[in-house]
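*Asks:* Just dropping this structure here.
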Amino acid sequence: MKANLSLLVGQAVEAAFAAGHLRSAGLPPIELETPKIATHGDFSTNIAMNLAASQKRSPREIARIIIDHIVDSDHLLSKTEVAGPGFINFFIAWDKWYKVLKRVHDEGNAYGTSQIGIGNRVQVEFVSANPTGPLHVGHGRCAAVGETLAAILKAAGYEVEKEYYVNDSGRQIRTLGESVFVRYRQHIGKTLDMPADGYQGSYIKDLARILFDQEGKSLLDMPEEEAITLCAKFAAGNILAEIQEDLMAFGVSFDNWFSEQSLYDSGAVDSVIKVCQNQKFIYEQGGALWFRTTDFGDEKDRVVVRTNGLTTYFASDIAYHKDKFERNFDRIIDIWGADHHGYVRRVSASIQALGCNGDRFQVLLVQLVNLLREGKPVTMSTRAGEFVTLRELIGEVGRDAARFLFLLRHYESSLDFDLELAKKQSNENPVYYVQYVHARICNILRKAAERGYKDIDSNADYLELLNLPEEIQLIKLMARYPEVVATSARMMEPHRIPFYMKELAAAFHAYYHDRNKHKVVSDDAKLSAARLYLVSAIRIIIRNGLDIMGVSAPESM
RNA sequence: GCCCCCGUAGCUCAGUGGAUAGAGCAAAGGAUUCCUAAUCCUUGUGCCGCAAGUUCGAUUCUUGCCGGGGGCACCA
């Protein structure tokens, strides 16, 4: 619809150029928007205003000329007008909207997909939480954003690979090992204290107990280093398995789990450090090796190898991102918690230093989640071991509510998540509002089947009976869905999907509610067929949208 | 001090440089013999934080300031 109109406008401008009615110039991109106000038409373009400078005429005059050159052989338009400072407003002929319904049904699950990313490989890396403790609600938000962004990009035609980077090496893992070893010895009856930087959570005790059940007291006979390494491996492996379970329960999956340790095992970290040293991006000072990130806009250089000989996480991150680029993605998207923002500049510095195209790399910083209960903040502190885990969250409010509410805000805004609100079955909770549309339509289709209506969701006859303004309104809204998905992909903004879903849901509920005026299943078989075709198209879009968000579409509620 | 995010209705937030800035909640009133009331309808609300700049046009882009949140390490 929009594409056709865009074509008409382009042809009209070219025709005006050819006829000499407009001074020949480059054709600016044709922007068609859906005006906020219905009286401004179904679509509107500002092309005359954009041409004004090069034409040296008033936008309204140019708009008039463009309209005069429009050749609408298919009678797509019922009215075209010049408005305001020079907008051209287009009114689509009513009967043309029925094609949208047909398209929704024909495309089914594929309605909303597009080709804008075709031929492009994108990697999305997200969550990547250290296997030193359970996932908390902040990770949940990153998981929802990452998984949904990946789904949106796929719908837009991109080839998407989802990756989780496992920090299974380094200082934190060692601390984890030490913490478990302390609890292990305590479990046996030794009195000793947890070091200040140890992990305090009760899950450490659980791991120590399981370890004891498996290994008995044998760890006491080993050299301490060996015992700690064993504890670390055991704990990280167990925690990672739990993380994987949580993510699966949350409907989040990955194509690739990339181990940090593997970068050390393969020598990739050492080799990238050597390369950078040769190219003078890494220098030695005070016994440590520093990366010259200031050459690329960082405020200070960063340590890669400490005086004690240990590498920092930055060292393996350099090797990791080099590896990503070697895998030939057209775009590499990292989704990090906002608390890592200080890291962005140094990683992109290392990417540029290695000669990779930094334009292909992008970091999305997901802001924090403030967990509330009836408006009051729930305090969380990983250190002290007091936090609400993703598992607890899903257990309390359910996967659907959690996914939906995590996506409802722009990821760049911090999010207030109220546990009580998430459980409410009322107007305040948008999750059920949208799901209820699906359940209601399913029920209508069941009722129709009981009445003996055949082919209830595939009968495209009698569509011209859908002539009420609210019915056309619904169809117009449905026509916008593919554009919403495409825009979400282009802007990398998942929140646009739930916002659209709410809008479509509101329009449907209003339509549904006025049963006297437009009951779907009635004695009028033709009208019923047309309306069933309408509502089942809505169902398709609701289902597709919820599917992208990872939220279920219940048949009854 | 430096960096990132936010500042839009009483609250929570949408708003891809365009026309008269929108939703939900909250407040008040109403709707159910009906395809599920987890629903709908009606009623009000705005120095779009402030000030300059760019532009034919700025809530949107730039800069500065003010306010809120977060981050700064040979931690991650």
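Ligands are numbered from 1 in the order shown, residues from 1 within each chain, and chains are lettered A, B, ... in the order they appear in the structure tokens.
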Would you kindly report the residues of chain A within 6 Å of chain B, using only C-alpha atoms (C1' of nucleotides), as an NGL selection string?
*Replies:* :A and (84 or 306 or 339 or 425-426 or 444 or 510 or 513)
*Asks:* Filtering to all heavy atoms, could you give me those residues as a tab-separated table (two decimals), in the first residue's frame?
*Replies:*
```tsv
chain	number	residue	atom	x	y	z
A	84	GLY	N	-1.78	22.55	5.09
A	84	GLY	CA	-0.81	23.18	5.98
A	84	GLY	C	0.27	23.91	5.19
A	84	GLY	O	0.00	24.54	4.17
A	306	ARG	N	48.88	-7.35	34.10
A	306	ARG	CA	49.28	-6.70	35.34
A	306	ARG	C	50.71	-7.06	35.73
A	306	ARG	O	51.29	-8.00	35.17
A	306	ARG	CB	48.31	-7.08	36.46
A	306	ARG	CG	46.89	-6.53	36.21
A	306	ARG	CD	45.99	-6.80	37.38
A	306	ARG	NE	45.42	-8.13	37.30
A	306	ARG	CZ	44.73	-8.69	38.28
A	306	ARG	NH1	44.57	-8.05	39.42
A	306	ARG	NH2	44.22	-9.88	38.13
A	339	ASP	N	25.99	-0.58	33.49
A	339	ASP	CA	27.13	-0.41	34.39
A	339	ASP	C	28.46	-0.73	33.70
A	339	ASP	O	29.51	-0.43	34.23
A	339	ASP	CB	26.95	-1.28	35.64
A	339	ASP	CG	26.64	-2.73	35.32
A	339	ASP	OD1	26.13	-2.99	34.21
A	339	ASP	OD2	26.92	-3.59	36.16
A	425	GLN	N	-4.44	-8.89	37.49
A	425	GLN	CA	-5.22	-9.23	36.31
A	425	GLN	C	-6.22	-8.11	36.07
A	425	GLN	O	-7.41	-8.26	36.28
A	425	GLN	CB	-5.94	-10.55	36.53
A	425	GLN	CG	-4.97	-11.68	36.77
A	425	GLN	CD	-5.64	-13.02	36.83
A	425	GLN	OE1	-6.85	-13.12	36.93
A	425	GLN	NE2	-4.84	-14.07	36.76
A	426	SER	N	-5.70	-6.97	35.66
A	426	SER	CA	-6.59	-5.82	35.49
A	426	SER	C	-6.04	-4.89	34.42
A	426	SER	O	-5.02	-5.16	33.81
A	426	SER	CB	-6.69	-5.06	36.81
A	426	SER	OG	-5.49	-4.37	37.04
A	444	ILE	N	-14.40	-16.52	19.75
A	444	ILE	CA	-15.33	-16.17	18.67
A	444	ILE	C	-15.28	-17.24	17.58
A	444	ILE	O	-16.32	-17.70	17.08
A	444	ILE	CB	-14.96	-14.79	18.06
A	444	ILE	CG1	-15.23	-13.68	19.08
A	444	ILE	CG2	-15.76	-14.55	16.78
A	444	ILE	CD1	-14.70	-12.32	18.64
A	510	ALA	N	-12.40	-2.37	21.78
A	510	ALA	CA	-13.47	-1.39	21.58
A	510	ALA	C	-14.47	-1.90	20.54
A	510	ALA	O	-15.68	-1.78	20.71
A	510	ALA	CB	-12.89	-0.04	21.15
A	513	HIS	N	-16.48	-4.82	21.91
A	513	HIS	CA	-17.39	-4.54	23.00
A	513	HIS	C	-18.76	-4.09	22.56
A	513	HIS	O	-19.76	-4.37	23.20
A	513	HIS	CB	-16.79	-3.48	23.93
A	513	HIS	CG	-17.45	-3.47	25.25
A	513	HIS	ND1	-18.53	-2.67	25.53
A	513	HIS	CD2	-17.24	-4.20	26.35
A	513	HIS	CE1	-18.92	-2.90	26.76
A	513	HIS	NE2	-18.16	-3.83	27.28
```
*Asks:* Applying 12 Å and only C-alpha atoms (C1' of nucleotides), which residues near His75 in chain A remain after dropping the ones on its own chain fewer than 3 positions away? List them as a VMD selection string.
*Replies:* chain A and resid 4 to 5 8 70 to 72 78 to 80 91 to 96
*Asks:* Quick check, in Å to one decimal: how far apart do CA of Pro131 in chain A and CA of Ile152 in chain A lie?
*Replies:*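 It comes out at 27.9 Å.
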*Asks:* Give me every strand (DSSP E or B) residue in range 11-69 of chain A, going by DSSP on the backbone, as a ChimeraX atom specification.
*Replies:* /A:32-33,43-45
*Asks:* Kindly indicate which residue among A:Lys517, A:His341, A:Lys154, A:Arg373 lies nearest to Gly112 in chain A, using only C-alpha atoms for the distances.
*Replies:* A:Lys154
*Asks:* Between CA of Met491 in chain A and CA of Ser414 in chain A, what is the spacing in Å?
*Replies:*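 Between CA of Ser414 in chain A and CA of Met491 in chain A the gap works out to 18.5 Å.
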*Asks:* Please compute the CA of Val304 in chain A-CA of Gln172 in chain A distance, one decimal, in Å.
*Replies:*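 Computing the Euclidean distance for CA of Val304 in chain A and CA of Gln172 in chain A yields 16.3 Å.
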*Asks:* Among range 402-521 of chain A, which residues does DSSP mark as alpha helix (DSSP H) when it is run on the backbone? Keep the chain and numbering as in the structure and answer as a ChimeraX atom specification.
*Replies:* /A:402-407,419-423,430-450,469-491,496-513,515-518
*Asks:* Create the file for the chosen residues now, containing C-alpha atoms and written as a PDB file, in the first residue's frame.
*Replies:*
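Ended up saving to again.pdb:
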```
ATOM      1  CA  ALA A 402       8.201 -10.617  32.841  1.00  0.00           C
ATOM      2  CA  ARG A 403       9.006 -10.706  29.127  1.00  0.00           C
ATOM      3  CA  PHE A 404       6.331  -8.197  28.207  1.00  0.00           C
ATOM      4  CA  LEU A 405       7.128  -5.695  30.943  1.00  0.00           C
ATOM      5  CA  PHE A 406      10.872  -5.867  30.287  1.00  0.00           C
ATOM      6  CA  LEU A 407      10.203  -4.915  26.684  1.00  0.00           C
ATOM      7  CA  LEU A 419       6.056  -7.212  41.180  1.00  0.00           C
ATOM      8  CA  GLU A 420       2.502  -6.684  42.369  1.00  0.00           C
ATOM      9  CA  LEU A 421       1.465  -4.867  39.214  1.00  0.00           C
ATOM     10  CA  ALA A 422       2.955  -7.631  37.086  1.00  0.00           C
ATOM     11  CA  LYS A 423       0.598 -10.108  38.739  1.00  0.00           C
ATOM     12  CA  PRO A 430      -0.861  -4.570  29.700  1.00  0.00           C
ATOM     13  CA  VAL A 431       0.248  -8.176  29.328  1.00  0.00           C
ATOM     14  CA  TYR A 432      -3.154  -9.705  29.805  1.00  0.00           C
ATOM     15  CA  TYR A 433      -4.771  -6.894  27.890  1.00  0.00           C
ATOM     16  CA  VAL A 434      -2.996  -8.019  24.737  1.00  0.00           C
ATOM     17  CA  GLN A 435      -3.250 -11.743  25.396  1.00  0.00           C
ATOM     18  CA  TYR A 436      -6.944 -11.365  26.052  1.00  0.00           C
ATOM     19  CA  VAL A 437      -7.457 -10.247  22.469  1.00  0.00           C
ATOM     20  CA  HIS A 438      -6.097 -13.555  21.289  1.00  0.00           C
ATOM     21  CA  ALA A 439      -8.228 -15.540  23.716  1.00  0.00           C
ATOM     22  CA  ARG A 440     -11.354 -13.593  22.785  1.00  0.00           C
ATOM     23  CA  ILE A 441     -10.866 -14.118  19.076  1.00  0.00           C
ATOM     24  CA  CYS A 442     -10.238 -17.814  19.621  1.00  0.00           C
ATOM     25  CA  ASN A 443     -13.500 -17.940  21.473  1.00  0.00           C
ATOM     26  CA  ILE A 444     -15.325 -16.170  18.669  1.00  0.00           C
ATOM     27  CA  LEU A 445     -13.938 -18.673  16.195  1.00  0.00           C
ATOM     28  CA  ARG A 446     -15.090 -21.536  18.427  1.00  0.00           C
ATOM     29  CA  LYS A 447     -18.569 -20.030  18.637  1.00  0.00           C
ATOM     30  CA  ALA A 448     -18.643 -19.630  14.884  1.00  0.00           C
ATOM     31  CA  ALA A 449     -17.678 -23.255  14.417  1.00  0.00           C
ATOM     32  CA  GLU A 450     -20.466 -24.314  16.767  1.00  0.00           C
ATOM     33  CA  PRO A 469     -15.508   3.260  10.043  1.00  0.00           C
ATOM     34  CA  GLU A 470     -14.199   1.256  13.003  1.00  0.00           C
ATOM     35  CA  GLU A 471     -13.659  -1.737  10.758  1.00  0.00           C
ATOM     36  CA  ILE A 472     -11.655   0.282   8.281  1.00  0.00           C
ATOM     37  CA  GLN A 473      -9.764   1.758  11.221  1.00  0.00           C
ATOM     38  CA  LEU A 474      -8.807  -1.703  12.386  1.00  0.00           C
ATOM     39  CA  ILE A 475      -7.598  -2.656   8.936  1.00  0.00           C
ATOM     40  CA  LYS A 476      -5.523   0.507   8.674  1.00  0.00           C
ATOM     41  CA  LEU A 477      -3.900  -0.352  11.953  1.00  0.00           C
ATOM     42  CA  MET A 478      -3.161  -3.872  10.725  1.00  0.00           C
ATOM     43  CA  ALA A 479      -1.584  -2.443   7.602  1.00  0.00           C
ATOM     44  CA  ARG A 480       0.983  -0.675   9.744  1.00  0.00           C
ATOM     45  CA  TYR A 481       2.334  -3.780  11.458  1.00  0.00           C
ATOM     46  CA  PRO A 482       5.075  -4.715   8.949  1.00  0.00           C
ATOM     47  CA  GLU A 483       6.375  -1.170   9.130  1.00  0.00           C
ATOM     48  CA  VAL A 484       6.466  -1.322  12.923  1.00  0.00           C
ATOM     49  CA  VAL A 485       8.624  -4.447  12.788  1.00  0.00           C
ATOM     50  CA  ALA A 486      10.881  -2.951  10.124  1.00  0.00           C
ATOM     51  CA  THR A 487      11.321   0.258  12.107  1.00  0.00           C
ATOM     52  CA  SER A 488      12.074  -1.716  15.265  1.00  0.00           C
ATOM     53  CA  ALA A 489      14.781  -3.538  13.336  1.00  0.00           C
ATOM     54  CA  ARG A 490      16.241  -0.408  11.798  1.00  0.00           C
ATOM     55  CA  MET A 491      16.272   1.483  15.081  1.00  0.00           C
ATOM     56  CA  ARG A 496       7.937  -0.558  19.570  1.00  0.00           C
ATOM     57  CA  ILE A 497       6.384  -4.008  19.298  1.00  0.00           C
ATOM     58  CA  PRO A 498       4.540  -4.045  22.656  1.00  0.00           C
ATOM     59  CA  PHE A 499       3.420  -0.458  22.103  1.00  0.00           C
ATOM     60  CA  TYR A 500       1.896  -1.396  18.789  1.00  0.00           C
ATOM     61  CA  MET A 501       0.334  -4.484  20.326  1.00  0.00           C
ATOM     62  CA  LYS A 502      -1.363  -2.366  22.974  1.00  0.00           C
ATOM     63  CA  GLU A 503      -2.756  -0.075  20.305  1.00  0.00           C
ATOM     64  CA  LEU A 504      -4.108  -2.910  18.210  1.00  0.00           C
ATOM     65  CA  ALA A 505      -5.534  -4.578  21.315  1.00  0.00           C
ATOM     66  CA  ALA A 506      -7.331  -1.387  22.348  1.00  0.00           C
ATOM     67  CA  ALA A 507      -8.877  -1.018  18.912  1.00  0.00           C
ATOM     68  CA  PHE A 508     -10.052  -4.602  18.934  1.00  0.00           C
ATOM     69  CA  HIS A 509     -11.503  -4.501  22.456  1.00  0.00           C
ATOM     70  CA  ALA A 510     -13.471  -1.389  21.578  1.00  0.00           C
ATOM     71  CA  TYR A 511     -14.778  -3.002  18.405  1.00  0.00           C
ATOM     72  CA  TYR A 512     -15.624  -6.216  20.168  1.00  0.00           C
ATOM     73  CA  HIS A 513     -17.390  -4.537  23.003  1.00  0.00           C
ATOM     74  CA  ARG A 515     -21.768  -6.170  20.332  1.00  0.00           C
ATOM     75  CA  ASN A 516     -25.118  -4.803  19.300  1.00  0.00           C
ATOM     76  CA  LYS A 517     -23.559  -2.838  16.531  1.00  0.00           C
ATOM     77  CA  HIS A 518     -21.072  -5.344  15.214  1.00  0.00           C
TER      78      HIS A 518
END
```
*Asks:* Extract, using only C-alpha atoms (C1' of nucleotides), all DNA, RNA and protein residues at most 12 Å from C50 in chain B, discarding same-chain residues fewer than 6 positions from it, and format them as a ChimeraX atom specification.
*Replies:* /B:7,64-67
*Asks:* Save out the residues we just selected, N, CA, C and O atoms (P, O5', C5', C4', C3', O3' and C1' of nucleotides), as a PDB file, in the first residue's frame.
*Replies:*
```pdb
ATOM      1  P     G B   7      13.606  11.534  28.772  1.00  0.00           P
ATOM      2  O5'   G B   7      13.324  12.538  29.971  1.00  0.00           O
ATOM      3  C5'   G B   7      12.496  12.127  31.065  1.00  0.00           C
ATOM      4  C4'   G B   7      12.460  13.222  32.113  1.00  0.00           C
ATOM      5  C3'   G B   7      11.800  14.513  31.647  1.00  0.00           C
ATOM      6  O3'   G B   7      10.979  15.044  32.673  1.00  0.00           O
ATOM      7  C1'   G B   7      13.998  14.958  32.411  1.00  0.00           C
ATOM      8  P     G B  64      28.780  21.323  25.957  1.00  0.00           P
ATOM      9  O5'   G B  64      28.173  22.525  26.806  1.00  0.00           O
ATOM     10  C5'   G B  64      28.923  23.725  26.987  1.00  0.00           C
ATOM     11  C4'   G B  64      28.066  24.762  27.683  1.00  0.00           C
ATOM     12  C3'   G B  64      27.461  24.314  29.010  1.00  0.00           C
ATOM     13  O3'   G B  64      28.371  24.420  30.082  1.00  0.00           O
ATOM     14  C1'   G B  64      25.797  25.361  27.695  1.00  0.00           C
ATOM     15  P     C B  65      28.225  23.403  31.316  1.00  0.00           P
ATOM     16  O5'   C B  65      26.922  23.930  32.045  1.00  0.00           O
ATOM     17  C5'   C B  65      26.937  25.169  32.750  1.00  0.00           C
ATOM     18  C4'   C B  65      25.533  25.589  33.124  1.00  0.00           C
ATOM     19  C3'   C B  65      24.817  24.681  34.116  1.00  0.00           C
ATOM     20  O3'   C B  65      25.203  24.922  35.460  1.00  0.00           O
ATOM     21  C1'   C B  65      23.356  25.194  32.337  1.00  0.00           C
ATOM     22  P     C B  66      25.251  23.713  36.483  1.00  0.00           P
ATOM     23  O5'   C B  66      23.695  23.495  36.791  1.00  0.00           O
ATOM     24  C5'   C B  66      22.930  24.516  37.418  1.00  0.00           C
ATOM     25  C4'   C B  66      21.477  24.107  37.533  1.00  0.00           C
ATOM     26  C3'   C B  66      21.238  22.733  38.140  1.00  0.00           C
ATOM     27  O3'   C B  66      21.270  22.748  39.557  1.00  0.00           O
ATOM     28  C1'   C B  66      19.945  22.940  36.179  1.00  0.00           C
ATOM     29  P     G B  67      21.775  21.428  40.339  1.00  0.00           P
ATOM     30  O5'   G B  67      20.592  20.402  40.123  1.00  0.00           O
ATOM     31  C5'   G B  67      19.354  20.592  40.804  1.00  0.00           C
ATOM     32  C4'   G B  67      18.348  19.566  40.343  1.00  0.00           C
ATOM     33  C3'   G B  67      18.754  18.112  40.511  1.00  0.00           C
ATOM     34  O3'   G B  67      18.605  17.631  41.835  1.00  0.00           O
ATOM     35  C1'   G B  67      17.844  18.411  38.358  1.00  0.00           C
TER      36        G B  67
END
```
